[in-house]
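Chemist: I am sharing upload_19.txt, which consists of compact mmCIF, C-alpha atoms:
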# COMPACT_ATOMS: atom_id res chain seq x y z
CA MET A 1 97.05 119.48 131.65
CA ARG A 2 99.78 120.22 129.10
CA ALA A 3 103.20 118.60 129.14
CA ALA A 4 106.27 118.18 126.93
CA ILE A 5 106.43 114.39 126.59
CA ALA A 6 109.51 112.39 125.63
CA ARG A 7 108.31 109.66 123.29
CA LYS A 8 110.64 107.44 121.23
CA GLY A 9 113.37 110.04 120.91
CA GLN A 10 111.06 112.97 120.24
CA LEU A 11 109.47 115.68 122.39
CA VAL A 12 105.78 116.35 121.80
CA CYS A 13 103.53 118.80 123.63
CA GLU A 14 100.22 117.15 124.47
CA GLU A 15 97.54 116.81 127.14
CA ILE A 16 98.15 114.28 129.92
CA ALA A 17 95.96 113.18 132.82
CA GLU A 18 95.45 115.44 135.81
CA LEU A 19 97.09 114.43 139.08
CA GLU A 20 95.66 113.67 142.51
CA PRO A 21 98.02 113.75 145.52
CA ALA A 22 98.15 110.54 147.54
CA LEU A 23 99.44 110.07 151.07
CA GLY A 24 102.60 112.10 151.65
CA GLN A 25 102.27 113.93 148.33
CA VAL A 26 101.65 117.53 147.35
CA LEU A 27 100.22 118.87 144.11
CA VAL A 28 102.27 121.80 142.82
CA LYS A 29 102.20 124.11 139.81
CA THR A 30 105.43 124.24 137.82
CA LEU A 31 106.72 127.83 137.71
CA CYS A 32 109.89 127.09 135.79
CA CYS A 33 112.18 124.16 135.07
CA GLY A 34 115.74 123.91 133.77
CA ILE A 35 116.97 121.60 131.04
CA CYS A 36 119.65 119.27 132.40
CA GLY A 37 122.39 117.62 130.38
CA SER A 38 121.08 114.26 131.54
CA ASP A 39 117.70 115.13 129.97
CA LEU A 40 119.44 115.85 126.66
CA HIS A 41 121.20 112.49 126.82
CA ALA A 42 118.15 110.58 127.99
CA LEU A 43 116.01 111.75 125.09
CA HIS A 44 118.05 109.62 122.67
CA HIS A 45 119.84 107.14 124.93
CA LEU A 46 117.27 106.24 127.57
CA HIS A 47 117.71 102.48 127.02
CA ASP A 48 121.41 102.77 127.77
CA MET A 49 120.76 104.88 130.87
CA ALA A 50 118.11 102.48 132.15
CA GLU A 51 120.35 99.46 131.62
CA ALA A 52 123.35 101.13 133.29
CA SER A 53 121.18 102.16 136.24
CA LYS A 54 120.04 98.56 136.73
CA ARG A 55 123.64 97.34 136.65
CA ALA A 56 124.46 99.97 139.27
CA GLY A 57 121.76 98.54 141.55
CA ALA A 58 119.10 101.22 141.05
CA PRO A 59 115.43 100.15 141.06
CA GLY A 60 114.48 99.10 137.53
CA THR A 61 110.99 100.64 137.37
CA LEU A 62 111.50 102.88 134.34
CA ASP A 63 110.24 101.64 130.96
CA PRO A 64 112.41 103.45 128.38
CA ASP A 65 109.81 102.73 125.69
CA GLY A 66 107.02 104.44 127.62
CA ASP A 67 106.12 108.13 127.77
CA ILE A 68 108.19 110.24 130.16
CA VAL A 69 107.90 113.88 131.19
CA PHE A 70 111.41 115.09 132.00
CA GLY A 71 112.33 117.95 134.31
CA HIS A 72 113.96 117.82 137.75
CA GLU A 73 115.44 121.34 138.14
CA PHE A 74 112.34 123.25 139.11
CA CYS A 75 110.63 125.87 141.21
CA ALA A 76 106.93 125.32 141.92
CA GLU A 77 103.90 126.67 143.77
CA VAL A 78 101.90 124.65 146.29
CA LEU A 79 98.36 123.95 145.04
CA ASP A 80 96.93 121.17 147.20
CA TYR A 81 97.82 118.49 149.74
CA ALA A 82 96.78 114.87 150.05
CA PRO A 83 94.09 114.23 152.66
CA GLY A 84 95.52 114.13 156.17
CA ALA A 85 98.65 116.09 155.27
CA GLU A 86 100.29 118.38 157.82
CA LYS A 87 100.06 121.34 155.42
CA ARG A 88 103.04 123.10 156.98
CA LEU A 89 103.34 125.47 153.98
CA LYS A 90 100.39 127.53 152.80
CA VAL A 91 98.80 127.06 149.40
CA GLY A 92 100.50 129.55 147.09
CA THR A 93 103.95 129.14 148.69
CA ARG A 94 106.80 128.93 146.20
CA VAL A 95 108.97 125.88 146.84
CA VAL A 96 111.89 123.79 145.65
CA THR A 97 112.52 120.16 146.52
CA VAL A 98 114.86 117.26 146.01
CA PRO A 99 113.24 115.59 142.97
CA VAL A 100 112.24 112.28 144.51
CA LEU A 101 108.83 110.91 145.33
CA PHE A 102 107.59 107.88 147.22
CA GLY A 103 105.01 105.96 145.22
CA PRO A 104 103.38 102.53 145.35
CA SER A 105 106.53 100.80 144.07
CA GLY A 106 108.99 102.73 146.25
CA MET A 107 111.12 105.79 145.64
CA VAL A 108 111.11 107.23 142.12
CA SER A 109 112.98 110.11 140.52
CA ILE A 110 110.75 112.96 139.45
CA GLY A 111 111.40 113.54 135.77
CA TYR A 112 112.54 109.95 135.19
CA SER A 113 109.31 108.09 135.78
CA ASN A 114 106.56 106.75 133.55
CA THR A 115 104.01 107.51 136.27
CA PHE A 116 105.01 110.83 137.85
CA PRO A 117 105.64 113.73 135.45
CA GLY A 118 108.52 116.11 135.95
CA GLY A 119 108.82 119.85 135.55
CA PHE A 120 108.02 119.92 131.83
CA ALA A 121 104.37 119.49 132.84
CA GLU A 122 102.07 122.21 134.11
CA ARG A 123 101.65 120.40 137.41
CA MET A 124 103.57 117.77 139.40
CA LEU A 125 103.35 115.65 142.52
CA VAL A 126 106.18 116.11 145.01
CA ALA A 127 107.01 114.72 148.46
CA ASP A 128 105.55 116.71 151.36
CA PRO A 129 108.51 116.24 153.76
CA MET A 130 111.00 117.43 151.12
CA LEU A 131 109.44 120.84 150.42
CA ILE A 132 111.58 123.93 151.08
CA GLU A 133 110.12 127.42 150.86
CA VAL A 134 111.93 129.77 148.50
CA PRO A 135 113.51 132.48 150.69
CA ASN A 136 114.63 136.09 150.29
CA GLY A 137 112.45 136.90 147.33
CA LEU A 138 114.51 134.79 144.92
CA SER A 139 113.07 134.69 141.43
CA ASP A 140 111.58 131.44 140.17
CA ARG A 141 114.50 131.00 137.80
CA GLN A 142 117.12 131.54 140.48
CA ALA A 143 115.39 129.09 142.81
CA ALA A 144 115.22 126.44 140.07
CA MET A 145 119.02 126.57 139.87
CA THR A 146 119.24 125.00 143.35
CA GLU A 147 119.21 121.46 141.94
CA PRO A 148 122.07 121.73 139.40
CA PHE A 149 124.21 123.78 141.78
CA ALA A 150 123.66 121.20 144.52
CA VAL A 151 125.40 118.71 142.22
CA GLY A 152 128.49 120.92 142.33
CA ALA A 153 128.18 121.35 146.09
CA HIS A 154 128.16 117.57 146.54
CA ALA A 155 131.25 117.13 144.38
CA VAL A 156 133.08 119.73 146.46
CA ALA A 157 131.86 118.18 149.72
CA ARG A 158 133.26 114.81 148.66
CA ALA A 159 136.68 116.28 147.87
CA ALA A 160 139.42 116.16 150.47
CA LEU A 161 140.04 119.89 150.35
CA GLU A 162 142.95 121.18 152.36
CA GLU A 163 143.50 124.74 153.50
CA SER A 164 146.71 124.71 151.51
CA GLY A 165 145.68 123.42 148.11
CA ALA A 166 144.58 124.32 144.61
CA ALA A 167 141.85 123.09 142.29
CA LEU A 168 141.43 122.58 138.57
CA VAL A 169 137.95 122.24 137.07
CA VAL A 170 138.07 120.48 133.69
CA GLY A 171 134.94 121.29 131.71
CA CYS A 172 132.85 124.39 132.37
CA GLY A 173 129.40 123.15 131.48
CA PRO A 174 126.67 123.33 134.14
CA VAL A 175 128.36 120.83 136.48
CA GLY A 176 131.78 122.45 136.19
CA LEU A 177 130.33 125.91 136.77
CA ALA A 178 128.46 124.63 139.82
CA VAL A 179 131.72 123.20 141.19
CA ILE A 180 133.51 126.52 140.67
CA ALA A 181 130.69 128.40 142.39
CA SER A 182 130.71 126.03 145.36
CA LEU A 183 134.50 126.18 145.74
CA LYS A 184 134.48 129.97 145.75
CA ALA A 185 131.48 130.11 148.10
CA LYS A 186 133.64 128.18 150.55
CA GLY A 187 136.48 130.65 150.06
CA TYR A 188 138.67 128.00 148.45
CA GLY A 189 141.39 128.83 145.98
CA PRO A 190 143.18 129.25 143.78
CA VAL A 191 140.76 127.64 141.30
CA ALA A 192 141.67 127.14 137.64
CA ALA A 193 139.07 126.32 135.00
CA ALA A 194 139.57 124.84 131.53
CA ASP A 195 137.17 124.64 128.59
CA PHE A 196 137.41 124.93 124.81
CA SER A 197 134.35 127.23 124.67
CA PRO A 198 135.04 130.98 125.02
CA ALA A 199 131.52 131.50 126.38
CA ARG A 200 131.98 128.84 129.04
CA ARG A 201 135.39 130.23 130.01
CA ALA A 202 133.83 133.67 130.42
CA MET A 203 131.09 132.16 132.56
CA ALA A 204 133.69 130.39 134.72
CA GLU A 205 135.42 133.71 135.30
CA ARG A 206 132.15 135.37 136.30
CA LEU A 207 131.55 132.61 138.83
CA GLY A 208 134.94 133.20 140.43
CA ALA A 209 137.59 131.11 138.69
CA ASP A 210 140.99 132.62 139.44
CA ILE A 211 142.68 131.24 136.31
CA VAL A 212 140.91 130.42 133.03
CA VAL A 213 142.59 128.29 130.37
CA ASP A 214 141.83 127.51 126.74
CA PRO A 215 143.07 123.89 126.33
CA ALA A 216 143.41 124.46 122.58
CA LYS A 217 146.25 126.90 123.31
CA GLU A 218 147.89 125.53 126.44
CA SER A 219 147.58 122.69 128.90
CA PRO A 220 145.77 123.65 132.09
CA HIS A 221 148.31 121.48 133.93
CA ALA A 222 150.99 124.04 133.02
CA LYS A 223 149.33 126.30 135.61
CA TRP A 224 150.09 124.13 138.63
CA SER A 225 153.37 125.90 139.34
CA ASP A 226 151.56 129.26 139.17
CA MET A 227 149.23 127.94 141.88
CA GLY A 228 152.13 126.72 144.01
CA VAL A 229 151.57 123.01 143.46
CA PRO A 230 154.70 120.85 142.99
CA ALA A 231 154.06 118.61 139.99
CA THR A 232 156.26 115.60 140.79
CA GLY A 233 156.94 113.40 143.76
CA ALA A 234 160.53 114.66 143.83
CA GLU A 235 159.38 118.28 144.01
CA GLN A 236 156.98 117.39 146.79
CA MET A 237 159.79 115.72 148.72
CA MET A 238 161.93 118.84 148.37
CA GLU A 239 159.07 120.90 149.79
CA ARG A 240 158.84 118.61 152.82
CA MET A 241 162.62 118.64 153.31
CA ALA A 242 162.41 122.43 153.39
CA GLY A 243 159.86 122.17 156.19
CA ARG A 244 156.86 123.09 154.07
CA THR A 245 153.68 121.12 153.43
CA PRO A 246 153.27 120.86 149.64
CA LYS A 247 149.99 122.04 148.19
CA ARG A 248 147.78 119.23 146.98
CA ALA A 249 146.04 119.37 143.61
CA VAL A 250 142.34 118.56 143.46
CA ILE A 251 140.99 118.03 139.95
CA PHE A 252 137.28 117.98 139.14
CA GLU A 253 136.52 116.05 135.94
CA CYS A 254 133.27 117.60 134.65
CA VAL A 255 133.36 116.56 130.99
CA GLY A 256 132.26 112.92 130.91
CA SER A 257 133.86 111.96 127.59
CA PRO A 258 136.02 108.91 126.84
CA GLY A 259 139.72 109.57 127.19
CA VAL A 260 139.46 112.40 129.71
CA LEU A 261 140.27 110.25 132.75
CA GLN A 262 143.36 108.84 131.06
CA SER A 263 144.53 112.32 130.09
CA LEU A 264 144.19 113.41 133.73
CA ILE A 265 146.07 110.34 134.97
CA GLU A 266 148.96 111.23 132.70
CA ALA A 267 149.01 114.98 133.43
CA ALA A 268 147.95 115.29 137.07
CA PRO A 269 150.58 116.11 139.70
CA ALA A 270 151.63 113.16 141.85
CA GLY A 271 149.33 112.63 144.82
CA SER A 272 146.41 114.50 143.24
CA GLN A 273 142.81 113.76 144.05
CA ILE A 274 140.53 113.45 141.03
CA ILE A 275 136.81 113.96 141.60
CA VAL A 276 134.81 112.45 138.72
CA ALA A 277 131.55 114.35 138.29
CA GLY A 278 131.25 114.15 134.51
CA VAL A 279 128.98 111.29 133.42
CA CYS A 280 130.58 109.21 130.68
CA MET A 281 128.01 106.80 129.24
CA GLU A 282 130.54 104.85 127.17
CA VAL A 283 133.11 102.21 128.03
CA ASP A 284 136.37 104.02 128.81
CA LYS A 285 139.99 102.91 129.09
CA ILE A 286 142.61 103.89 131.67
CA GLU A 287 146.10 102.69 132.57
CA PRO A 288 146.07 101.92 136.30
CA PHE A 289 149.87 101.55 136.46
CA ILE A 290 150.39 105.27 135.91
CA ALA A 291 147.73 106.18 138.48
CA ILE A 292 149.28 103.76 140.98
CA THR A 293 152.80 105.05 140.41
CA LYS A 294 151.62 108.63 140.95
CA GLN A 295 149.43 107.56 143.91
CA LEU A 296 146.38 109.31 142.53
CA ASP A 297 143.19 109.34 144.56
CA PHE A 298 139.99 108.85 142.53
CA ARG A 299 136.51 109.56 143.85
CA PHE A 300 133.32 109.24 141.79
CA VAL A 301 130.35 111.39 142.81
CA PHE A 302 126.64 111.47 142.03
CA GLY A 303 123.71 113.68 143.04
CA TYR A 304 123.61 115.30 146.47
CA SER A 305 122.10 114.90 149.92
CA PRO A 306 118.98 116.75 151.12
CA GLU A 307 121.26 118.73 153.43
CA GLU A 308 123.49 119.79 150.54
CA PHE A 309 120.40 120.73 148.51
CA ALA A 310 119.09 122.95 151.31
CA ALA A 311 122.51 124.49 151.92
CA THR A 312 122.84 125.32 148.22
CA LEU A 313 119.50 127.14 148.28
CA GLY A 314 120.83 129.09 151.26
CA ASP A 315 124.05 129.98 149.39
CA ILE A 316 122.01 131.28 146.45
CA ALA A 317 119.58 133.20 148.66
CA GLU A 318 122.38 134.82 150.67
CA GLY A 319 124.34 135.82 147.58
CA ARG A 320 127.29 133.51 148.13
CA ILE A 321 126.50 131.91 144.79
CA ASP A 322 125.29 134.04 141.87
CA VAL A 323 123.32 131.81 139.52
CA ALA A 324 122.14 134.63 137.25
CA PRO A 325 124.99 134.23 134.71
CA VAL A 326 123.99 130.66 133.83
CA ILE A 327 120.34 131.49 133.08
CA THR A 328 120.38 132.07 129.34
CA ASP A 329 116.82 131.89 127.98
CA ALA A 330 113.24 130.89 128.73
CA VAL A 331 110.60 129.15 126.59
CA GLY A 332 107.10 127.80 127.13
CA LEU A 333 106.12 124.15 126.97
CA GLU A 334 105.65 124.40 123.20
CA GLY A 335 109.24 125.57 122.92
CA VAL A 336 110.89 122.78 124.93
CA ALA A 337 111.62 120.59 121.89
CA GLY A 338 113.25 123.51 120.08
CA ALA A 339 115.29 124.37 123.18
CA PHE A 340 116.60 120.80 123.41
CA LEU A 341 117.67 120.97 119.76
CA ALA A 342 119.34 124.38 120.17
CA ILE A 343 121.32 123.24 123.21
CA ARG A 344 122.50 120.07 121.48
CA LYS A 345 123.73 122.12 118.51
CA ALA A 346 125.56 124.53 120.79
CA ARG A 347 127.43 121.82 122.75
Give the structure from the file, written as structure tokens.

Modeler:
Amino acid sequence: MRAAIARKGQLVCEEIAELEPALGQVLVKTLCCGICGSDLHALHHLHDMAEASKRAGAPGTLDPDGDIVFGHEFCAEVLDYAPGAEKRLKVGTRVVTVPVLFGPSGMVSIGYSNTFPGGFAERMLVADPMLIEVPNGLSDRQAAMTEPFAVGAHAVARAALEESGAALVVGCGPVGLAVIASLKAKGYGPVAAADFSPARRAMAERLGADIVVDPAKESPHAKWSDMGVPATGAEQMMERMAGRTPKRAVIFECVGSPGVLQSLIEAAPAGSQIIVAGVCMEVDKIEPFIAITKQLDFRFVFGYSPEEFAATLGDIAEGRIDVAPVITDAVGLEGVAGAFLAIRKAR
């Protein structure tokens, strides 16, 4: 079968071996697969990612020098089951799934394995118990957006949202947009969004952001008073003395570049919670004294739970989240390398 293979920093479209489902596995046909920012980074920095993952305690089974077929944001069609499988979904059923698989050496991430190809292959092996049927006639492309939007849902779920509060999303790439969509699906607001890109700001507005800011022209933190959030501890005390509960600021860092955390520490209102969803792959520097003095609450988030994944599919299917605006183009396997290059140039 054909696949777009990551090999030593390049993507090549070649034939790879066919797959046979083993116990607990299902053979599926890839219908479509999104390109994730982590795929873009991994193509040229896989050694760094592998080393950081090991230091974080993740299983070190990935050989960054070996061939890898990326792709973990996918919609697929059931083709065949391993012998003895329950076969709870008929052959031909369109499905999505959390991209993990249980192989001989334990759990592996689909799309980040030397053994199990991801969605940039014509066919994949996925875990039988994790399959979810695509509901409500969603298109393949809409269904494939479940995975990246589940990342945003998890970030929002980990935030200590209060009924009286306001949020700022810094960075309106895929993760930031998913956070905005999840916040608005929950009826939360006001939500401000900040990004240097006019296209991304427009996308944030389409997904429900109440306030959109160009950081090149003004600080997004100048909008806190417009959202009813007292910026300093003294202002918060005055609110309490007046018998009111001050609104709490929740900031979602969705950029992942050095210096962003420090800038938030300096600019965030006192008592803010900062949810770090942007993945910075470099050593960064912060001044804890300022964060301590302002009593900031940091929380770092990663991935999602199976329950959050399923709930996100439900939100998309029921129209609470409209993923159509973020679907920009489609290419075949031969066009994957060119798509990677075009996205990198546009970032």

Chemist: For the interface of segment 252-288 of chain A with segment 224-233 of chain A (cut-off 9 Å, counting only C-alpha atoms), please tabulate each contacting residue of segment 252-288 of chain A alongside its nearest pair of atoms and their separation in Å to one decimal, rows sorted by chain and increasing number, as a tab-separated table.

Modeler:
residue	atom	partner	partner_atom	distance
A:Ala268	CA	A:Ala231	CA	7.5
A:Pro269	CA	A:Ala231	CA	4.3
A:Ala270	CA	A:Thr232	CA	5.3
A:Gly271	CA	A:Gly233	CA	7.7

Chemist: What lies within 6 Å of segment 166-172 of chain A using all atoms listed in the file, ignoring chain neighbours under 5 positions off, as a PDB file with C-alpha atoms, in the frame of the given file?

Modeler:
ATOM      1  CA  LEU A 177     130.330 125.910 136.770  1.00  0.00           C
ATOM      2  CA  GLY A 189     141.390 128.830 145.980  1.00  0.00           C
ATOM      3  CA  PRO A 190     143.180 129.250 143.780  1.00  0.00           C
ATOM      4  CA  VAL A 191     140.760 127.640 141.300  1.00  0.00           C
ATOM      5  CA  ALA A 192     141.670 127.140 137.640  1.00  0.00           C
ATOM      6  CA  ALA A 193     139.070 126.320 135.000  1.00  0.00           C
ATOM      7  CA  ALA A 194     139.570 124.840 131.530  1.00  0.00           C
ATOM      8  CA  ASP A 195     137.170 124.640 128.590  1.00  0.00           C
ATOM      9  CA  ARG A 200     131.980 128.840 129.040  1.00  0.00           C
ATOM     10  CA  ALA A 249     146.040 119.370 143.610  1.00  0.00           C
ATOM     11  CA  VAL A 250     142.340 118.560 143.460  1.00  0.00           C
ATOM     12  CA  ILE A 251     140.990 118.030 139.950  1.00  0.00           C
ATOM     13  CA  PHE A 252     137.280 117.980 139.140  1.00  0.00           C
ATOM     14  CA  GLU A 253     136.520 116.050 135.940  1.00  0.00           C
ATOM     15  CA  CYS A 254     133.270 117.600 134.650  1.00  0.00           C
ATOM     16  CA  VAL A 255     133.360 116.560 130.990  1.00  0.00           C
TER      17      VAL A 255
END

Chemist: Figure out the distance between atom CA of Gly259 of chain A and atom CA of Pro215 of chain A, please, to one decimal in Å.

Modeler: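 Value for the atom CA of Pro215 of chain A-atom CA of Gly259 of chain A distance: 14.7 Å.
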
Chemist: So that I can check the surroundings of Gln262 of chain A, please list as an MDAnalysis selection string every protein, DNA and RNA residue that reaches within 8 Å of it, counting all atoms listed in the file and ignoring chain neighbours fewer than 5 positions away.

Modeler: chainID A and resid 285:287

Chemist: Which neighbours of Met145 of chain A fall inside 8 Å, counting all atoms listed in the file, when residues of the same chain fewer than 5 positions from it are skipped, and could you give them as a list in words?

Modeler: Gly34, Glu73, Phe74 and Val323 of chain A

Chemist: Would you export the selected residues with C-alpha atoms as an mmCIF file, in the coordinates of the input, please?

Modeler:
data_model
loop_
_atom_site.group_PDB
_atom_site.id
_atom_site.type_symbol
_atom_site.label_atom_id
_atom_site.label_comp_id
_atom_site.auth_asym_id
_atom_site.auth_seq_id
_atom_site.Cartn_x
_atom_site.Cartn_y
_atom_site.Cartn_z
ATOM 1 C CA GLY A 34 115.740 123.910 133.770
ATOM 2 C CA GLU A 73 115.440 121.340 138.140
ATOM 3 C CA PHE A 74 112.340 123.250 139.110
ATOM 4 C CA VAL A 323 123.320 131.810 139.520
#

Chemist: Find the residues around Val100 of chain A up to 6 Å (all atoms listed in the file counted), leave out those fewer than 6 positions away in its own chain, and share them as an mmCIF file with C-alpha atoms, keeping the file's coordinate frame.

Modeler:
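Result went into part18.cif, see below:
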data_model
loop_
_atom_site.group_PDB
_atom_site.id
_atom_site.type_symbol
_atom_site.label_atom_id
_atom_site.label_comp_id
_atom_site.auth_asym_id
_atom_site.auth_seq_id
_atom_site.Cartn_x
_atom_site.Cartn_y
_atom_site.Cartn_z
ATOM 1 C CA VAL A 108 111.110 107.230 142.120
ATOM 2 C CA SER A 109 112.980 110.110 140.520
ATOM 3 C CA ILE A 110 110.750 112.960 139.450
#

Chemist: At a cut-off of 7 Å, using all atoms listed in the file, what residues contact segment 4-13 of chain A? Leave out same-chain residues fewer than 5 positions from it and give the result as an MDAnalysis selection string.

Modeler: chainID A and resid 43:44 65:69 120:121 333:334 336:337
